[in-house]
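Okay, my_file26.cif is below, mmCIF, C-alpha atoms:
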data_protein
#
loop_
_atom_site.label_atom_id
_atom_site.label_comp_id
_atom_site.auth_asym_id
_atom_site.auth_seq_id
_atom_site.Cartn_x
_atom_site.Cartn_y
_atom_site.Cartn_z
CA MET A 108 16.71 1.44 -5.45
CA THR A 109 20.06 -0.16 -4.65
CA ILE A 110 20.32 -1.99 -1.32
CA PRO A 111 23.90 -2.62 -0.10
CA THR A 112 24.74 -6.30 -0.41
CA GLN A 113 25.71 -6.47 3.27
CA SER A 114 22.25 -5.23 4.32
CA ARG A 115 20.38 -8.54 4.49
CA SER A 116 18.02 -7.52 7.26
CA LEU A 117 15.17 -9.72 6.01
CA GLU A 118 17.15 -12.89 5.42
CA GLY A 119 14.91 -15.92 5.88
CA LYS A 120 11.67 -13.93 5.94
CA ASN A 121 8.69 -14.36 3.63
CA ALA A 122 6.92 -11.26 2.34
CA LEU A 123 3.68 -10.81 0.40
CA VAL A 124 3.07 -7.56 -1.50
CA THR A 125 -0.33 -6.86 -3.03
CA GLY A 126 -0.43 -4.76 -6.16
CA GLY A 127 3.17 -5.86 -6.30
CA ALA A 128 3.79 -5.85 -10.04
CA SER A 129 4.15 -2.08 -10.47
CA GLY A 130 4.54 1.24 -8.69
CA ILE A 131 4.96 1.25 -4.92
CA GLY A 132 4.35 -2.48 -4.70
CA ALA A 133 7.12 -3.33 -7.14
CA ALA A 134 9.53 -0.97 -5.37
CA CYS A 135 8.75 -2.68 -2.04
CA ALA A 136 9.15 -6.12 -3.58
CA ARG A 137 12.56 -5.27 -5.00
CA ALA A 138 13.73 -3.69 -1.73
CA PHE A 139 12.60 -6.67 0.34
CA ALA A 140 14.18 -9.17 -2.05
CA ALA A 141 17.47 -7.25 -2.00
CA ALA A 142 17.35 -7.43 1.80
CA GLY A 143 17.06 -11.22 1.69
CA ALA A 144 13.32 -11.88 1.84
CA THR A 145 11.48 -14.33 -0.37
CA VAL A 146 8.77 -12.17 -1.91
CA THR A 147 5.40 -13.16 -3.34
CA ILE A 148 4.12 -10.71 -5.94
CA CYS A 149 0.34 -10.56 -5.65
CA ASP A 150 -1.33 -8.82 -8.57
CA LEU A 151 -4.27 -8.97 -10.95
CA ASP A 152 -1.80 -8.78 -13.87
CA SER A 153 -0.42 -12.31 -13.92
CA THR A 154 2.12 -11.62 -16.68
CA ALA A 155 3.66 -8.65 -14.88
CA ALA A 156 3.63 -10.50 -11.54
CA GLU A 157 5.40 -13.51 -13.03
CA ALA A 158 7.99 -11.33 -14.74
CA LEU A 159 8.90 -9.42 -11.58
CA ALA A 160 8.92 -12.58 -9.49
CA ALA A 161 11.34 -14.18 -11.93
CA ASP A 162 13.53 -11.08 -11.87
CA ILE A 163 13.85 -10.99 -8.06
CA GLY A 164 13.79 -14.73 -7.41
CA GLY A 165 10.36 -14.65 -5.81
CA ARG A 166 6.92 -16.08 -6.39
CA SER A 167 3.77 -14.77 -8.06
CA TRP A 168 0.12 -14.98 -7.10
CA ALA A 169 -2.39 -13.82 -9.69
CA VAL A 170 -5.66 -12.94 -7.95
CA ASP A 171 -8.52 -10.48 -8.12
CA LEU A 172 -8.57 -9.12 -4.57
CA SER A 173 -11.88 -7.37 -5.20
CA ASP A 174 -13.48 -10.85 -5.24
CA THR A 175 -13.46 -10.81 -1.47
CA THR A 176 -15.74 -13.79 -0.86
CA ALA A 177 -13.02 -15.99 -2.38
CA LEU A 178 -10.69 -14.84 0.43
CA ASP A 179 -12.96 -15.82 3.33
CA ASP A 180 -11.20 -19.14 4.04
CA LEU A 181 -7.71 -18.09 2.96
CA SER A 182 -4.65 -19.04 5.01
CA LEU A 183 -1.39 -17.13 4.46
CA ASP A 184 2.07 -18.17 5.62
CA THR A 185 4.01 -14.92 5.53
CA ASP A 186 6.11 -12.88 7.94
CA ILE A 187 5.50 -9.55 6.21
CA LEU A 188 2.28 -8.41 4.56
CA VAL A 189 2.14 -5.22 2.50
CA ASN A 190 -1.40 -4.14 1.65
CA ASN A 191 -0.80 -1.93 -1.35
CA ALA A 192 -3.30 -2.85 -4.09
CA GLY A 193 -5.54 0.03 -5.03
CA ILE A 194 -7.42 1.92 -7.72
CA GLN A 195 -8.89 5.40 -8.04
CA ARG A 196 -12.15 6.77 -9.38
CA VAL A 197 -12.76 10.53 -9.39
CA ALA A 198 -16.30 11.94 -9.27
CA ALA A 199 -18.54 14.16 -7.18
CA VAL A 200 -20.50 12.36 -4.45
CA ASP A 201 -23.86 12.97 -6.13
CA GLU A 202 -22.49 11.51 -9.37
CA TYR A 203 -20.44 8.68 -7.87
CA SER A 204 -21.21 5.21 -9.19
CA PRO A 205 -22.34 2.90 -6.35
CA ASP A 206 -20.59 0.02 -8.10
CA ASN A 207 -17.30 1.94 -8.14
CA TRP A 208 -17.75 2.87 -4.47
CA ARG A 209 -18.23 -0.80 -3.54
CA LEU A 210 -15.33 -1.93 -5.75
CA ILE A 211 -12.90 0.48 -4.07
CA HIS A 212 -14.00 -0.58 -0.61
CA ARG A 213 -13.77 -4.28 -1.41
CA LEU A 214 -10.30 -3.92 -2.87
CA MET A 215 -8.82 -1.34 -0.48
CA LEU A 216 -10.46 -2.08 2.86
CA GLU A 217 -12.22 -5.43 2.89
CA SER A 218 -9.41 -7.38 1.20
CA PRO A 219 -6.71 -5.98 3.53
CA PHE A 220 -8.86 -7.12 6.48
CA LEU A 221 -9.19 -10.61 4.99
CA LEU A 222 -5.48 -10.86 4.14
CA ILE A 223 -4.49 -9.71 7.63
CA ARG A 224 -6.97 -12.18 9.11
CA ALA A 225 -5.41 -14.95 7.03
CA ALA A 226 -1.82 -14.05 7.96
CA LEU A 227 -2.16 -13.42 11.71
CA PRO A 228 -2.39 -17.04 12.94
CA GLY A 229 1.01 -17.90 11.46
CA MET A 230 2.52 -14.63 12.65
CA TYR A 231 1.20 -15.26 16.16
CA GLU A 232 2.60 -18.78 16.14
CA ARG A 233 6.07 -17.56 15.13
CA GLY A 234 5.99 -14.54 17.43
CA PHE A 235 6.83 -12.17 14.58
CA GLY A 236 4.82 -10.27 12.00
CA ARG A 237 4.87 -7.02 10.10
CA ILE A 238 1.67 -5.57 8.63
CA ILE A 239 2.46 -2.58 6.42
CA ASN A 240 -0.58 -0.81 5.01
CA ILE A 241 0.04 1.57 2.14
CA SER A 242 -2.45 4.25 3.05
CA SER A 243 -2.19 7.79 1.71
CA VAL A 244 -2.21 11.42 2.70
CA HIS A 245 -5.91 10.86 1.99
CA GLY A 246 -6.02 8.57 5.00
CA LEU A 247 -5.34 11.73 7.03
CA ARG A 248 -6.86 14.46 4.87
CA ALA A 249 -9.80 14.67 2.50
CA SER A 250 -9.95 15.92 -1.07
CA ALA A 251 -13.03 16.66 -3.11
CA TYR A 252 -14.19 14.13 -5.71
CA LYS A 253 -12.50 11.17 -3.98
CA SER A 254 -15.16 10.05 -1.51
CA ALA A 255 -14.67 6.31 -1.92
CA TYR A 256 -10.88 6.47 -1.86
CA VAL A 257 -10.74 8.82 1.14
CA ALA A 258 -13.28 6.76 3.08
CA ALA A 259 -11.44 3.50 2.31
CA LYS A 260 -8.08 4.93 3.39
CA HIS A 261 -9.57 6.33 6.61
CA GLY A 262 -11.00 2.88 7.26
CA LEU A 263 -7.62 1.28 6.62
CA GLU A 264 -6.08 3.60 9.20
CA GLY A 265 -8.56 2.39 11.81
CA LEU A 266 -8.09 -1.25 10.90
CA SER A 267 -4.32 -0.87 11.14
CA LYS A 268 -4.56 0.55 14.66
CA VAL A 269 -6.84 -2.25 15.86
CA VAL A 270 -4.42 -4.86 14.48
CA ALA A 271 -1.56 -3.04 16.24
CA LEU A 272 -3.35 -3.37 19.59
CA GLU A 273 -4.34 -6.99 19.10
CA GLY A 274 -0.97 -8.07 17.72
CA ALA A 275 1.24 -6.32 20.27
CA SER A 276 1.58 -9.27 22.65
CA HIS A 277 2.37 -11.60 19.73
CA GLY A 278 5.31 -9.70 18.22
CA VAL A 279 3.18 -8.36 15.38
CA THR A 280 3.28 -4.70 14.37
CA SER A 281 0.87 -2.84 12.13
CA ASN A 282 1.52 0.55 10.59
CA CYS A 283 0.39 2.81 7.77
CA LEU A 284 2.49 4.68 5.24
CA ASN A 285 0.89 7.91 4.07
CA PRO A 286 2.50 9.27 0.91
CA SER A 287 1.05 12.10 -1.12
CA TYR A 288 1.02 11.68 -4.90
CA VAL A 289 3.59 9.09 -5.94
CA ARG A 290 5.06 8.83 -9.41
CA THR A 291 3.20 5.63 -10.40
CA PRO A 292 0.87 4.45 -13.18
CA LEU A 293 -2.08 4.93 -10.79
CA VAL A 294 -1.31 8.63 -10.44
CA GLU A 295 -0.59 9.11 -14.13
CA LYS A 296 -4.02 7.66 -14.98
CA GLN A 297 -5.69 10.30 -12.78
CA ILE A 298 -4.37 13.29 -14.70
CA ALA A 299 -7.02 13.31 -17.43
CA ASP A 300 -9.86 12.79 -14.93
CA GLN A 301 -8.55 15.52 -12.64
CA ALA A 302 -8.22 17.93 -15.56
CA ALA A 303 -11.79 17.29 -16.64
CA ILE A 304 -13.38 17.60 -13.20
CA HIS A 305 -11.43 20.76 -12.27
CA GLY A 306 -11.74 22.35 -15.71
CA ILE A 307 -8.00 22.86 -16.26
CA PRO A 308 -5.52 21.59 -18.88
CA GLU A 309 -3.82 18.25 -18.16
CA SER A 310 -0.48 20.09 -18.16
CA GLU A 311 -1.55 22.00 -15.02
CA VAL A 312 -2.85 19.07 -12.96
CA VAL A 313 0.42 18.11 -11.29
CA GLU A 314 1.32 21.66 -10.24
CA LYS A 315 -2.12 22.96 -9.27
CA ILE A 316 -3.87 19.85 -7.95
CA MET A 317 -1.36 17.18 -7.01
CA LEU A 318 1.28 19.49 -5.54
CA GLY A 319 -1.02 22.31 -4.48
CA GLU A 320 -0.92 21.39 -0.77
CA SER A 321 2.68 20.20 -0.65
CA ALA A 322 5.54 22.40 0.57
CA VAL A 323 8.00 20.26 -1.39
CA LYS A 324 6.99 20.70 -5.01
CA ARG A 325 7.63 17.30 -6.49
CA LEU A 326 6.00 13.89 -6.61
CA VAL A 327 7.07 11.21 -4.15
CA GLU A 328 9.19 8.46 -5.70
CA ALA A 329 8.12 4.84 -5.20
CA ASP A 330 11.60 3.95 -3.94
CA GLU A 331 11.20 6.50 -1.13
CA VAL A 332 8.08 4.74 0.09
CA ALA A 333 9.81 1.36 -0.22
CA SER A 334 12.75 2.53 1.89
CA LEU A 335 10.43 3.26 4.83
CA ALA A 336 8.52 0.02 4.31
CA LEU A 337 11.82 -1.86 4.41
CA TRP A 338 12.73 -0.34 7.76
CA LEU A 339 9.29 -1.10 9.22
CA ALA A 340 9.61 -4.71 8.08
CA GLY A 341 12.77 -5.31 10.07
CA GLU A 342 13.51 -6.47 13.59
CA GLN A 343 14.64 -2.96 14.62
CA ALA A 344 11.11 -1.58 14.20
CA GLY A 345 9.53 -3.80 16.83
CA MET A 346 8.45 -0.87 19.02
CA VAL A 347 6.83 0.98 16.12
CA THR A 348 3.17 0.02 15.84
CA GLY A 349 -0.17 1.72 15.39
CA ALA A 350 1.58 4.60 13.63
CA SER A 351 0.87 6.54 10.45
CA TYR A 352 3.97 7.80 8.65
CA SER A 353 3.39 10.89 6.52
CA MET A 354 5.53 11.18 3.42
CA ASP A 355 3.78 14.11 1.86
CA GLY A 356 6.23 16.98 1.44
CA GLY A 357 4.61 18.87 4.28
CA TRP A 358 0.97 18.57 3.14
CA THR A 359 -0.28 17.54 6.61
CA ALA A 360 1.96 20.03 8.44
CA SER A 361 -0.57 22.80 7.93
#
Have the structure of the file written as C-alpha cells, please.
Amino acid sequence: MTIPTQSRSLEGKNALVTGGASGIGAACARAFAAAGATVTICDLDSTAAEALAADIGGRSWAVDLSDTTALDDLSLDTDILVNNAGIQRVAAVDEYSPDNWRLIHRLMLESPFLLIRAALPGMYERGFGRIINISSVHGLRASAYKSAYVAAKHGLEGLSKVVALEGASHGVTSNCLNPSYVRTPLVEKQIADQAAIHGIPESEVVEKIMLGESAVKRLVEADEVASLALWLAGEQAGMVTGASYSMDGGWTAS
C-alpha cells in the first residue's frame, strides 16, 4: 500500500504490531511507518521480523506470545498497540485437541490482555493510546470446526469493549477490526484442512467455504485491513471506541 508522503498522521508515535512480520501485521506495520510512526515488529519469526524492521526503519521483538507467564511483569512504552498474532486449528469439538485449544486462547486472548495491561500505564500517563485488536468475522459469527478460534475472538471482542470503557477518560481508544478471510499465509494454510474436513477438493475451498457467506466474492486484501487500522490509530479517531468494524463483504449483513 502506498501512503502519500504528505500524510504523516502518526509522526512521533510509537507502534507495536504483534504477528507483524507477515500478512495483516506486516501491512499495518508498513502503513504506520509510512505515516511517520516508529514501528516495533513483534513476531515469533525473528529473521522475518528483523528483515521487515530494517526495511521500514523500525525495531524487532522476537517473542513467543503463547508463553504468557513470561509477559506477567512486562512494561510496554507504545502509543499504538495492534494485537494481530494468531493461528488456526480446524477440528470438530469432540475431536479438538485440548492442547491446541489452550494454545489458541493463550496466544489470541490471554496475550492481548497482558500486552494491553502492559501498555496502558504509559498511554494513561501521556493521555493518548490506540488499542487495535485484529478480530475476525468469527468474532461476530460462528463457523463449524473452529471452536477455539471463534471462542477466542468472541473473548477478544469483550476485552476490547472493557478497555474502551476504562480507557475513555484517559484518551485511550480500543476497537476491533473484523475481516472475513484475508489473503494471508494463515488463510492459505487452512485450505488443505478445510478440504479434508468438508470432504471437497482444495480447489473448491475458497469459493464454497471461505466466500460462501460473502456477498462480495473475493478475499479481503491485507492492505485494506491496514488502511482502516491506520485511520483508527490517528488523532481523528478519538471518538471511535468500543466498536467492531466489519470488513467481510457483507457476510454479517444477513
- When the PyMOL selection byres ((chain A and resi 194) around 7) is applied to the file above, which residues end up in the set, as a list in words?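 Applying the PyMOL selection byres ((chain A and resi 194) around 7) to the structure shown produces Gly193, Gln195, Arg196, Ile211 and Leu293 of chain A.
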File dump, residues just selected, C-alpha atoms, as a compact mmCIF listing (two decimals), in the frame of the given file:
# COMPACT_ATOMS: atom_id res chain seq x y z
CA GLY A 193 -5.54 0.03 -5.03
CA GLN A 195 -8.89 5.40 -8.04
CA ARG A 196 -12.15 6.77 -9.38
CA ILE A 211 -12.90 0.48 -4.07
CA LEU A 293 -2.08 4.93 -10.79
- What does the PyMOL selection byres ((chain A and resi 233-238) around 7) select in this file, as a VMD selection string? chain A and resid 186 to 189 229 to 232 239 to 240 277 to 282 340
With C-alpha atoms retained, write the just-selected residues as a tab-separated table (two decimals), in the frame of the given file.
chain	number	residue	atom	x	y	z
A	186	ASP	CA	6.11	-12.88	7.94
A	187	ILE	CA	5.50	-9.55	6.21
A	188	LEU	CA	2.28	-8.41	4.56
A	189	VAL	CA	2.14	-5.22	2.50
A	229	GLY	CA	1.01	-17.90	11.46
A	230	MET	CA	2.52	-14.63	12.65
A	231	TYR	CA	1.20	-15.26	16.16
A	232	GLU	CA	2.60	-18.78	16.14
A	239	ILE	CA	2.46	-2.58	6.42
A	240	ASN	CA	-0.58	-0.81	5.01
A	277	HIS	CA	2.37	-11.60	19.73
A	278	GLY	CA	5.31	-9.70	18.22
A	279	VAL	CA	3.18	-8.36	15.38
A	280	THR	CA	3.28	-4.70	14.37
A	281	SER	CA	0.87	-2.84	12.13
A	282	ASN	CA	1.52	0.55	10.59
A	340	ALA	CA	9.61	-4.71	8.08
- From A:Asp355, A:Asp300, A:Glu295, A:Glu273, residue lying nearest Ser321 (chain A) [all atoms listed in the file]: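 Closest residue, counting all atoms listed in the file: A:Asp355.
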- Item | CA of Val200 (chain A) to CA of Ser129 (chain A), straight-line distance in Å |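 A separation of 29.2 Å between them.
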- Report as a PyMOL selection string the full result of the PyMOL selection byres ((chain A and resi 191) around 12) when it is applied to this structure. chain A and resi 123-136+148-150+172+188-190+192-194+214-216+218-219+222+238-243+260+263+283-286+293+329+332-333+336
Let me know the centre plus edge lengths, in Å and rounded to one decimal, of a box with edges along x, y and z that contains all listed atoms of region 222-230 of chain A and is padded by 3 Å on every side, as JSON.
{"center_x": -2.2, "center_y": -13.8, "center_z": 8.5, "size_x": 15.5, "size_y": 14.2, "size_z": 14.8}
- Message: Please list as a list in words every residue within 10 Å of Arg325 (chain A), counting only C-alpha atoms and excluding residues in the same chain fewer than 3 positions away.
- Response: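 With the cut-off at 10 Å, the set is Ser287, Tyr288, Val289, Arg290, Val313, Glu314, Met317, Leu318, Ser321, Ala322, Glu328, Asp355 and Gly356 of chain A.
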